[in-house]
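Pasting target-v4.cif here (mmCIF, C-alpha atoms):
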data_model
#
loop_
_atom_site.label_atom_id
_atom_site.label_comp_id
_atom_site.auth_asym_id
_atom_site.auth_seq_id
_atom_site.Cartn_x
_atom_site.Cartn_y
_atom_site.Cartn_z
CA MET U 8 88.23 6.64 -70.07
CA ASN U 9 84.82 5.61 -68.73
CA GLU U 10 84.86 4.01 -65.29
CA ILE U 11 82.52 1.01 -65.23
CA ASP U 12 80.23 -0.13 -62.40
CA TYR U 13 78.38 -2.93 -64.19
CA LEU U 14 79.86 -5.47 -66.58
CA LEU U 15 77.73 -7.57 -68.93
CA LEU U 16 79.49 -10.67 -70.30
CA SER U 17 77.64 -12.01 -73.29
CA ASP U 18 77.74 -12.26 -77.07
CA SER U 19 76.23 -9.88 -79.56
CA ARG U 20 73.53 -12.37 -80.61
CA ASP U 21 72.09 -12.64 -77.12
CA PHE U 22 69.00 -10.43 -77.17
CA ALA U 23 68.26 -11.07 -73.50
CA THR U 24 71.35 -9.03 -72.67
CA ASP U 25 69.91 -6.21 -74.82
CA TYR U 26 67.12 -5.85 -72.26
CA ILE U 27 69.65 -5.52 -69.43
CA ALA U 28 71.86 -3.02 -71.25
CA LEU U 29 68.84 -0.93 -72.16
CA GLU U 30 67.50 -0.90 -68.62
CA LEU U 31 70.88 -0.03 -67.11
CA GLU U 32 71.16 2.80 -69.63
CA ARG U 33 67.67 3.99 -68.67
CA ARG U 34 68.78 4.00 -65.03
CA GLY U 35 71.85 6.03 -65.90
CA ARG U 36 74.30 3.37 -64.77
CA ALA U 37 77.89 3.09 -66.01
CA TYR U 38 77.95 -0.28 -67.76
CA LEU U 39 79.95 -2.11 -70.39
CA ARG U 40 78.80 -5.05 -72.48
CA LEU U 41 81.61 -7.36 -73.54
CA ASP U 42 80.69 -9.78 -76.31
CA ARG U 43 82.83 -12.86 -76.84
CA ASP U 44 82.23 -12.85 -80.56
CA LEU U 45 83.48 -9.28 -80.94
CA LEU U 46 86.48 -9.32 -78.60
CA ALA U 47 88.95 -10.01 -81.40
CA ASN U 48 88.08 -6.56 -82.78
CA ALA U 49 88.78 -4.83 -79.46
CA HIS U 50 91.88 -4.03 -77.44
CA VAL U 51 91.48 -5.84 -74.13
CA THR U 52 93.99 -5.78 -71.28
CA LEU U 53 93.55 -7.23 -67.81
CA SER U 54 96.19 -6.05 -65.34
CA VAL U 55 96.47 -8.34 -62.34
CA ASP U 56 98.71 -5.93 -60.43
CA GLU U 57 96.40 -2.98 -60.94
CA GLY U 58 93.20 -5.00 -60.58
CA ALA U 59 91.81 -3.40 -63.71
CA LEU U 60 90.38 -4.38 -67.08
CA ALA U 61 90.82 -1.87 -69.91
CA VAL U 62 88.74 -2.20 -73.06
CA ASP U 63 88.95 -0.11 -76.24
CA PHE U 64 86.86 -0.50 -79.37
CA ASP U 65 85.13 1.90 -81.74
CA GLU U 66 84.28 4.95 -79.61
CA VAL U 67 84.40 2.99 -76.36
CA HIS U 68 87.26 3.50 -73.90
CA ALA U 69 86.30 1.78 -70.67
CA ILE U 70 88.00 0.56 -67.53
CA CYS U 71 86.69 -1.79 -64.86
CA ARG U 72 88.52 -1.44 -61.57
CA GLU U 73 88.41 -4.08 -58.87
CA SER U 74 87.81 -1.34 -56.33
CA ARG U 75 84.77 0.03 -58.17
CA LEU U 76 83.05 -2.75 -60.11
CA LYS U 77 79.70 -3.50 -58.45
CA ALA U 78 78.17 -6.35 -60.39
CA VAL U 79 78.62 -8.69 -63.34
CA TYR U 80 75.83 -10.18 -65.45
CA TYR U 81 77.20 -13.45 -66.84
CA ARG U 82 75.46 -14.64 -70.02
CA ALA U 83 77.99 -17.07 -71.33
CA PRO U 84 78.55 -20.81 -71.15
CA THR U 85 80.59 -22.13 -68.25
CA TYR U 86 82.55 -24.19 -70.74
CA LEU U 87 82.48 -25.07 -74.42
CA ARG U 88 82.10 -28.63 -75.57
CA GLU U 89 83.44 -28.40 -79.06
CA THR U 90 86.49 -26.19 -78.75
CA PHE U 91 88.68 -28.93 -80.16
CA SER U 92 87.21 -29.88 -83.50
CA ARG U 93 88.59 -30.84 -86.88
CA ASP U 94 85.82 -28.77 -88.44
CA ARG U 95 87.27 -25.55 -87.02
CA SER U 96 90.39 -23.77 -88.14
CA PRO U 97 93.28 -23.70 -85.67
CA GLU U 98 92.72 -19.96 -85.27
CA GLU U 99 89.04 -20.49 -84.47
CA GLN U 100 89.87 -23.20 -81.92
CA LEU U 101 92.42 -20.92 -80.27
CA LYS U 102 90.03 -17.97 -80.26
CA ARG U 103 87.20 -19.96 -78.71
CA SER U 104 89.20 -21.67 -76.00
CA GLN U 105 91.18 -18.62 -74.90
CA TRP U 106 88.38 -16.04 -74.87
CA MET U 107 86.20 -18.53 -73.02
CA SER U 108 88.91 -18.90 -70.42
CA PHE U 109 89.33 -15.13 -70.33
CA PHE U 110 85.66 -14.73 -69.44
CA ARG U 111 85.95 -17.34 -66.69
CA ASN U 112 89.07 -15.63 -65.36
CA LEU U 113 87.12 -12.42 -64.89
CA THR U 114 85.88 -14.03 -61.68
CA PHE U 115 89.13 -12.37 -60.62
CA PHE U 116 86.69 -9.54 -59.76
CA SER U 117 85.63 -11.48 -56.73
CA GLY U 118 84.29 -8.46 -54.86
CA ALA U 119 81.61 -7.85 -57.49
CA HIS U 120 78.10 -9.31 -57.29
CA TRP U 121 77.91 -12.05 -59.97
CA VAL U 122 74.55 -12.95 -61.47
CA ASN U 123 75.34 -15.83 -61.68
CA SER U 124 78.86 -16.81 -60.78
CA PRO U 125 80.08 -19.29 -63.42
CA SER U 126 81.51 -21.53 -60.72
CA SER U 127 78.12 -21.70 -58.99
CA THR U 128 76.43 -22.35 -62.32
CA PHE U 129 78.87 -25.15 -63.10
CA ALA U 130 78.23 -26.79 -59.74
CA ALA U 131 74.47 -26.32 -60.00
CA GLU U 132 74.11 -27.87 -63.44
CA ASN U 133 73.65 -31.37 -62.11
CA LYS U 134 70.09 -32.61 -62.17
CA ILE U 135 70.50 -35.26 -59.53
CA VAL U 136 72.17 -32.84 -57.12
CA GLN U 137 69.27 -30.45 -57.74
CA LEU U 138 66.65 -33.14 -57.09
CA ARG U 139 68.26 -34.15 -53.83
CA LEU U 140 68.43 -30.55 -52.65
CA ALA U 141 64.83 -29.90 -53.71
CA LYS U 142 63.64 -32.93 -51.74
CA LYS U 143 65.56 -31.76 -48.70
CA ILE U 144 63.92 -28.34 -48.98
CA GLY U 145 60.48 -29.96 -49.00
CA PHE U 146 59.53 -30.29 -52.65
CA SER U 147 57.87 -33.40 -53.98
CA ILE U 148 60.04 -34.99 -56.67
CA PRO U 149 59.25 -37.75 -59.16
CA ASN U 150 60.72 -41.17 -58.41
CA THR U 151 64.08 -40.99 -60.18
CA VAL U 152 66.75 -43.51 -61.18
CA VAL U 153 69.98 -42.95 -63.11
CA THR U 154 71.21 -46.06 -64.85
CA ASN U 155 72.67 -47.60 -67.97
CA ASP U 156 70.79 -50.82 -67.18
CA ILE U 157 67.23 -50.47 -68.44
CA ALA U 158 66.30 -53.93 -67.19
CA SER U 159 66.84 -52.71 -63.64
CA LEU U 160 64.16 -50.02 -63.89
CA PRO U 161 60.88 -50.40 -62.02
CA LYS U 162 58.14 -51.79 -64.29
CA ARG U 163 55.63 -49.07 -65.05
CA GLU U 164 52.97 -48.40 -67.63
CA MET U 165 54.81 -45.24 -68.69
CA THR U 166 58.29 -43.91 -67.86
CA ALA U 167 59.86 -40.53 -68.60
CA ILE U 168 63.32 -40.92 -70.12
CA LYS U 169 65.69 -37.96 -70.25
CA ALA U 170 69.36 -37.15 -70.60
CA LEU U 171 71.60 -36.32 -67.65
CA ASP U 172 72.93 -33.36 -69.60
CA THR U 173 71.94 -31.58 -72.79
CA VAL U 174 72.35 -33.90 -75.78
CA VAL U 175 73.07 -32.11 -79.05
CA MET U 176 74.69 -34.31 -81.69
CA GLN U 177 76.00 -33.65 -85.15
CA PHE U 178 75.35 -36.04 -88.02
CA ALA U 179 76.40 -35.65 -91.64
CA ASP U 180 74.01 -32.86 -92.61
CA GLU U 181 71.76 -32.84 -89.58
CA GLU U 182 71.77 -32.12 -85.88
CA GLY U 183 69.91 -34.08 -83.26
CA PHE U 184 68.46 -33.03 -79.90
CA ALA U 185 67.23 -35.35 -77.17
CA TYR U 186 63.99 -34.26 -75.50
CA THR U 187 62.27 -35.92 -72.57
CA GLU U 188 60.45 -38.94 -73.99
CA ILE U 189 57.50 -40.78 -72.47
CA MET U 190 57.86 -44.50 -73.15
CA GLY U 191 55.76 -47.56 -72.48
CA GLN U 192 57.21 -50.67 -70.83
CA GLU U 193 57.18 -52.68 -74.05
CA GLU U 194 59.26 -50.07 -75.86
CA LEU U 195 61.60 -49.77 -72.87
CA ASP U 196 62.12 -53.53 -72.87
CA ARG U 197 63.36 -53.29 -76.46
CA SER U 198 65.81 -50.46 -75.65
CA THR U 199 69.36 -50.21 -74.42
CA ALA U 200 71.38 -47.62 -72.56
CA SER U 201 74.56 -49.54 -71.88
CA ILE U 202 76.96 -47.07 -73.51
CA ALA U 203 75.71 -44.05 -71.52
CA PRO U 204 73.50 -43.52 -68.45
CA ILE U 205 70.05 -41.98 -68.59
CA ILE U 206 67.55 -40.54 -66.13
CA ALA U 207 64.34 -42.55 -65.77
CA GLN U 208 61.49 -40.96 -63.85
CA GLU U 209 57.94 -41.85 -63.01
CA CYS U 210 55.70 -40.32 -65.63
CA LEU U 211 53.65 -37.43 -64.26
CA GLU U 212 50.33 -37.72 -66.07
CA ASP U 213 47.79 -34.91 -66.40
CA LYS U 214 50.46 -32.40 -65.45
CA VAL U 215 50.71 -28.69 -66.02
CA ASP U 216 54.24 -27.46 -66.66
CA ILE U 217 55.21 -24.37 -64.68
CA ARG U 218 58.29 -22.22 -65.24
CA VAL U 219 59.23 -20.18 -62.20
CA THR U 220 61.86 -17.58 -62.93
CA VAL U 221 63.59 -16.64 -59.69
CA VAL U 222 65.68 -13.47 -59.42
CA GLY U 223 66.94 -13.03 -55.86
CA SER U 224 63.71 -12.99 -53.85
CA ALA U 225 61.53 -12.06 -56.83
CA VAL U 226 59.46 -14.87 -58.33
CA PHE U 227 57.79 -14.95 -61.77
CA PRO U 228 55.66 -18.09 -62.28
CA VAL U 229 53.93 -18.99 -65.55
CA ALA U 230 51.88 -22.02 -66.55
CA ILE U 231 52.68 -23.44 -69.99
CA LEU U 232 49.48 -24.37 -71.76
CA ARG U 233 48.17 -25.50 -75.11
CA ASP U 234 44.52 -24.88 -75.84
CA GLY U 235 44.21 -23.84 -72.21
CA ARG U 236 45.38 -27.21 -70.87
CA GLY U 237 48.58 -28.88 -69.70
CA ILE U 238 50.79 -30.70 -72.19
CA GLU U 239 51.69 -34.37 -72.02
CA GLY U 240 55.39 -35.09 -72.37
CA ASP U 241 57.97 -32.45 -73.25
CA TRP U 242 56.23 -29.14 -73.94
CA ARG U 243 59.20 -27.93 -76.00
CA LEU U 244 58.07 -30.23 -78.78
CA HIS U 245 54.99 -28.00 -79.12
CA LYS U 246 56.64 -24.66 -78.41
CA ASN U 247 55.09 -22.89 -81.38
CA SER U 248 51.58 -23.53 -80.13
CA VAL U 249 51.90 -22.91 -76.39
CA THR U 250 50.87 -19.93 -74.30
CA PHE U 251 52.39 -18.68 -71.06
CA LYS U 252 49.88 -17.70 -68.40
CA THR U 253 50.99 -15.84 -65.29
CA ILE U 254 49.84 -17.65 -62.16
CA GLU U 255 50.05 -17.37 -58.39
CA LEU U 256 51.91 -20.03 -56.45
CA PRO U 257 51.20 -21.07 -52.87
CA VAL U 258 53.51 -19.13 -50.52
CA GLU U 259 55.28 -22.33 -49.45
CA ILE U 260 56.09 -23.26 -53.06
CA ARG U 261 57.32 -19.73 -53.83
CA GLU U 262 59.63 -19.88 -50.84
CA GLN U 263 60.89 -23.31 -51.83
CA CYS U 264 61.72 -22.02 -55.33
CA VAL U 265 63.69 -19.13 -53.85
CA SER U 266 65.45 -21.50 -51.43
CA VAL U 267 66.53 -24.04 -54.04
CA VAL U 268 68.07 -21.29 -56.20
CA LYS U 269 69.74 -19.64 -53.22
CA GLU U 270 71.13 -22.89 -51.79
CA LEU U 271 72.72 -23.65 -55.16
CA GLY U 272 74.64 -20.39 -54.77
CA LEU U 273 72.65 -18.70 -57.54
CA PHE U 274 70.80 -15.37 -57.79
CA PHE U 275 68.99 -16.33 -60.97
CA GLY U 276 67.35 -19.61 -61.91
CA GLY U 277 64.58 -20.93 -64.13
CA VAL U 278 62.83 -23.51 -61.96
CA ASP U 279 60.72 -26.10 -63.78
CA LEU U 280 57.80 -27.55 -61.83
CA ALA U 281 54.97 -29.88 -62.78
CA LEU U 282 51.58 -29.51 -61.11
CA VAL U 283 49.63 -32.77 -60.76
CA LYS U 284 46.30 -32.34 -58.98
CA ASP U 285 47.40 -30.32 -55.91
CA THR U 286 51.04 -31.41 -55.84
CA TYR U 287 53.89 -29.30 -57.19
CA TYR U 288 56.72 -31.55 -58.35
CA PHE U 289 60.21 -30.12 -58.72
CA ILE U 290 61.74 -31.07 -62.07
CA GLU U 291 64.94 -29.01 -62.40
CA VAL U 292 66.61 -25.61 -62.19
CA ASN U 293 68.19 -23.95 -65.22
CA PRO U 294 70.93 -21.66 -63.86
CA THR U 295 71.32 -20.05 -67.27
CA GLY U 296 67.71 -20.40 -68.32
CA GLU U 297 66.20 -18.19 -70.96
CA TRP U 298 63.77 -15.52 -69.80
CA ALA U 299 63.52 -12.79 -72.46
CA TRP U 300 60.67 -14.66 -74.18
CA LEU U 301 58.55 -14.07 -71.05
CA VAL U 302 58.91 -10.28 -71.13
CA ASP U 303 56.68 -10.07 -74.18
CA ALA U 304 54.87 -13.41 -74.03
CA ALA U 305 53.66 -12.94 -70.44
CA GLY U 306 54.39 -9.28 -69.68
CA LEU U 307 56.85 -10.15 -66.92
CA ARG U 308 59.54 -7.50 -66.34
CA ILE U 309 62.26 -9.98 -65.48
CA ASP U 310 64.74 -7.57 -67.05
CA MET U 311 63.98 -4.99 -64.37
CA ALA U 312 64.28 -7.61 -61.62
CA ILE U 313 67.70 -8.66 -62.92
CA CYS U 314 68.85 -5.03 -62.90
CA ASP U 315 67.45 -4.68 -59.37
CA CYS U 316 69.43 -7.79 -58.44
CA LEU U 317 72.60 -6.41 -60.00
CA GLU U 318 72.06 -3.25 -57.94
CA GLY U 319 71.50 -5.31 -54.80
CA VAL U 320 67.83 -4.34 -54.44
CA VAL U 321 66.27 -7.85 -54.51
CA MET W 18 70.83 -51.38 -81.31
CA ASN W 19 70.85 -47.60 -80.86
CA HIS W 20 71.15 -46.10 -77.40
CA ILE W 21 67.70 -45.11 -76.15
CA LEU W 22 68.47 -41.38 -76.36
CA MET W 23 69.85 -41.65 -79.88
CA GLY W 24 66.95 -43.73 -81.08
CA LYS W 25 64.42 -41.16 -79.87
CA MET W 26 66.45 -38.12 -80.86
CA ARG W 27 64.72 -35.49 -83.00
CA ARG W 28 66.84 -34.64 -86.02
CA TYR W 29 66.69 -31.49 -88.07
CA LYS W 30 68.68 -29.70 -90.73
CA VAL W 31 71.75 -27.94 -89.39
CA PRO W 32 70.64 -24.37 -88.65
CA GLU W 33 72.25 -21.72 -90.79
CA GLY W 34 74.59 -19.29 -89.11
CA PHE W 35 73.34 -16.25 -87.28
CA ALA W 36 71.80 -13.63 -89.55
CA SER W 37 71.62 -10.05 -88.31
CA PRO W 38 68.05 -8.88 -87.73
CA GLU W 39 66.97 -7.08 -90.89
CA GLY W 40 66.88 -3.32 -90.46
CA PHE W 41 68.88 -3.37 -87.23
CA ALA W 42 72.53 -2.81 -86.41
CA TYR W 43 74.38 -3.76 -83.26
CA ASP W 44 75.67 -0.83 -81.20
CA ALA W 45 78.51 -2.38 -79.24
CA GLY W 46 78.99 0.76 -77.15
CA ARG W 47 75.40 0.79 -75.93
CA GLY W 48 75.15 -3.00 -75.89
CA TYR W 49 71.98 -3.53 -77.89
CA TRP W 50 70.56 -3.76 -81.41
CA ILE W 51 69.05 -0.55 -82.81
CA SER W 52 66.85 0.13 -85.82
CA THR W 53 68.81 1.67 -88.67
CA ILE W 54 65.63 3.48 -89.70
CA ASN W 55 64.24 5.10 -86.54
CA GLY W 56 66.82 4.37 -83.84
CA VAL W 57 64.42 2.29 -81.72
CA PRO W 58 66.08 -0.57 -79.79
CA LEU W 59 65.09 -3.97 -81.18
CA VAL W 60 63.78 -5.22 -77.86
CA SER W 61 61.54 -2.15 -77.49
CA ASP W 62 60.19 -2.27 -81.03
CA GLU W 63 56.62 -3.53 -80.90
CA THR W 64 56.53 -4.06 -84.66
CA VAL W 65 59.28 -6.69 -84.54
CA ARG W 66 58.62 -10.31 -83.77
CA LYS W 67 60.93 -11.03 -80.88
CA PRO W 68 61.87 -14.40 -79.44
CA MET W 69 58.68 -15.82 -77.93
CA THR W 70 60.19 -18.97 -76.60
CA LYS W 71 63.52 -20.34 -75.54
CA LYS W 72 65.56 -19.31 -78.55
CA ALA W 73 68.63 -21.45 -78.10
CA ASP W 74 66.87 -24.52 -76.85
CA VAL W 75 66.93 -26.70 -79.92
CA GLU W 76 70.33 -25.64 -81.12
CA THR W 77 72.47 -25.99 -78.05
CA GLY W 78 70.45 -26.32 -74.89
CA GLU W 79 69.37 -23.36 -72.82
CA ASP W 80 72.83 -22.43 -71.71
CA LYS W 81 74.39 -22.66 -75.16
CA LYS W 82 76.96 -25.12 -73.86
CA GLY W 83 77.07 -26.89 -77.17
CA GLU W 84 78.02 -23.89 -79.25
#
Take the structure I supplied and represent it as structure tokens, if you would.
Amino acid sequence: MNEIDYLLLSDSRDFATDYIALELERRGRAYLRLDRDLLANAHVTLSVDEGALAVDFDEVHAICRESRLKAVYYRAPTYLRETFSRDRSPEEQLKRSQWMSFFRNLTFFSGAHWVNSPSSTFAAENKIVQLRLAKKIGFSIPNTVVTNDIASLPKREMTAIKALDTVVMQFADEEGFAYTEIMGQEELDRSTASIAPIIAQECLEDKVDIRVTVVGSAVFPVAILRDGRGIEGDWRLHKNSVTFKTIELPVEIREQCVSVVKELGLFFGGVDLALVKDTYYFIEVNPTGEWAWLVDAAGLRIDMAICDCLEGVV
Amino acid sequence: MNHILMGKMRRYKVPEGFASPEGFAYDAGRGYWISTINGVPLVSDETVRKPMTKKADVETGEDKKGE
């Protein structure tokens, strides 16, 4: 039975976790990757009395002991939105809800270093809470209103409209995704939001989007550009034609990025900023943000920083 | 009248289910995908086009909450 020091909670389709497993292997660490989608094929037993998790599958016979486990890398949702669904078999609904809860219950290993703790992630995933904290820390933030009453919004030439939380919707044979939209006053005046609140922000024109990946005290900033320039509106709408350029941030902004992640109780966060002239505006933090794309696209060894963080180095 | 978010929503065909990367197999014991031809890990293979941007963004949001 292999005694485990590092536990990776993920699913087998998450290639970002591949980087972490590979680096831990290179460092000679005793690790186990548990994938939600494969757990039904394994024998998994968590003993509360013994403070131990035993896992058997294929050639793997591993045990995580409360007294030994050093760190957990959590790459899973904090909750699932569609567990109850008529489109899923009863077995699939049961499997999804119970394994999801099982993953959350592994916070039972409270002495381990969690990157990130799902409870911290859950609490941090609130954009308005983030904005308020960022302002307190010293960031500039765009003027922001949350409302379901569009008529109450300040009259502006352009307004950025976004969802409070990720909006993914299913239609008959299509899915829909709500991006940040830049809208003129005339179009806003013809719109409604009464059935659900929205975020309305001042539109930051001539901006450059910056993604700052924070891992402990390590900071990896990149500018997101198209044809060497910033992108109006939501850059994700142009993601196949953008480049990621590593940049230096002013020391004060670096420290503020580290602070906002730390004060949210996180060790990892993808901080989105917008640079307008000389002002860095805080937009949001993604506690479970993607980062693997930056290893190759910008040559940033975020994987090594995460392993350093798991080992308590950064 | 549609809600403002629904009216501006970008719609696309429902993505097909996950397909295993061609020429790679998942090694659950080691915790990463490996080439079935030369044993090179997928994320170290410079000949493979790896995710260059936020892979789960359109489907479910960055944190895959909608899965």
Point to revise | Atom pair CA of Asp63 in chain U / CA of Val60 in chain W: separation (Å) | key: 25.7 Å
**Study point:** 8 Å contact set for range 36-47 of chain W, only C-alpha atoms, chain neighbours under 4 positions out, as a PyMOL selection string
**Key:** (chain U and resi 19+28-29+32+39-40+65-67) or (chain W and resi 51-54+59)
Residues of chain U that have any atom at most 6 Å from an atom of chain W: could you tabulate them with the shortest-distance atom pair and the distance in Å to one decimal, using all atoms listed in the file, ordered by chain and increasing number, as CSV?
residue,atom,partner,partner_atom,distance
U:Asp25,CA,W:Tyr49,CA,4.6
U:Ala28,CA,W:Gly48,CA,5.7
U:Arg40,CA,W:Gly48,CA,5.4
U:Val67,CA,W:Gly46,CA,5.9
U:Pro84,CA,W:Lys82,CA,5.3
U:Leu87,CA,W:Lys82,CA,5.5
U:Arg88,CA,W:Gly83,CA,5.6
U:Thr173,CA,W:Gly78,CA,5.9
U:Glu181,CA,W:Lys30,CA,4.5
U:Glu182,CA,W:Val31,CA,5.5
U:Gly183,CA,W:Arg28,CA,4.2
U:Phe184,CA,W:Arg27,CA,5.4
U:Ala185,CA,W:Met26,CA,4.7
U:Ser198,CA,W:Ile21,CA,5.7
U:Thr199,CA,W:His20,CA,5.4
U:Ala200,CA,W:His20,CA,5.1
U:Thr295,CA,W:Asp80,CA,5.3
U:Gly296,CA,W:Glu79,CA,5.6
U:Glu297,CA,W:Lys71,CA,5.7
U:Trp300,CA,W:Met69,CA,4.4
U:Ala304,CA,W:Met69,CA,6.0
List the spatial neighbours of range 20-23 of chain U as a compact mmCIF listing (two decimals) with C-alpha atoms, in the coordinates of the input - criterion: any atom at most 7 Å away, all atoms listed in the file, same-chain residues fewer than 3 positions off excluded.
# COMPACT_ATOMS: atom_id res chain seq x y z
CA SER U 17 77.64 -12.01 -73.29
CA TYR U 26 67.12 -5.85 -72.26
CA ALA U 299 63.52 -12.79 -72.46
Point to revise | Distance of CA of Gly277 in chain U from CA of Phe129 in chain U, expressed in Å to one decimal place | key: 14.9 Å
Check your understanding: What do you get, as a ChimeraX atom specification, if you spell out every residue that the PyMOL selection byres ((chain U and resi 69) around 7) selects here?
Key -> /U:8-11,61-63,67-68,70-71
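Separating CA of Phe109 in chain U from CA of Asp172 in chain U is a distance of 24.5 Å.
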Check your understanding: Do you know which residues the PyMOL selection byres ((chain U and resi 278) around 7) returns on this file, as JSON, numbers by chain?
Key -> {"U": [218, 219, 220, 264, 276, 277, 279, 280, 291, 292, 293]}
Exercise for review: Determine the residue membership of the PyMOL selection byres ((chain U and resi 306-314) around 10) for the file above and supply it as JSON, numbers by chain.
Suggested key: {"U": [13, 23, 24, 25, 26, 27, 28, 29, 30, 31, 34, 78, 80, 122, 220, 221, 222, 223, 224, 225, 226, 227, 228, 229, 251, 252, 253, 274, 275, 298, 299, 300, 301, 302, 303, 304, 305, 315, 316, 317, 318, 319, 320, 321]}
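Remark: for Ala47 in chain U, the closest of the candidate residues U:Gln105, U:Thr85, U:Ser124, U:Ser117 is U:Gln105 (distances computed over all atoms listed in the file).
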Revision key, fill the gap. One residue among U:Asn133, U:Thr166, U:Asn48, U:Ser96 is nearest to Gln208 in chain U when using all atoms listed in the file, and that residue is U:Thr166
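The closest residue to Met107 in chain U, picked from U:Leu195, U:Ala59, U:Ile205, U:Leu16 and counting all atoms listed in the file, is U:Leu16.
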Check your understanding: Taking (68.7, -32.6, -56.6) in the file's coordinates, which residues come within 10 Å, counting only C-alpha atoms, written as an MDAnalysis selection string?
Key -> chainID U and resid 131:144 148 267 271 289:292
Any chance you can output those residues with C-alpha atoms as a CSV table (one decimal), keeping the file's coordinate frame?
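File out.csv, as written:
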chain,number,residue,atom,x,y,z
U,131,ALA,CA,74.5,-26.3,-60.0
U,132,GLU,CA,74.1,-27.9,-63.4
U,133,ASN,CA,73.6,-31.4,-62.1
U,134,LYS,CA,70.1,-32.6,-62.2
U,135,ILE,CA,70.5,-35.3,-59.5
U,136,VAL,CA,72.2,-32.8,-57.1
U,137,GLN,CA,69.3,-30.4,-57.7
U,138,LEU,CA,66.6,-33.1,-57.1
U,139,ARG,CA,68.3,-34.2,-53.8
U,140,LEU,CA,68.4,-30.6,-52.6
U,141,ALA,CA,64.8,-29.9,-53.7
U,142,LYS,CA,63.6,-32.9,-51.7
U,143,LYS,CA,65.6,-31.8,-48.7
U,144,ILE,CA,63.9,-28.3,-49.0
U,148,ILE,CA,60.0,-35.0,-56.7
U,267,VAL,CA,66.5,-24.0,-54.0
U,271,LEU,CA,72.7,-23.6,-55.2
U,289,PHE,CA,60.2,-30.1,-58.7
U,290,ILE,CA,61.7,-31.1,-62.1
U,291,GLU,CA,64.9,-29.0,-62.4
U,292,VAL,CA,66.6,-25.6,-62.2
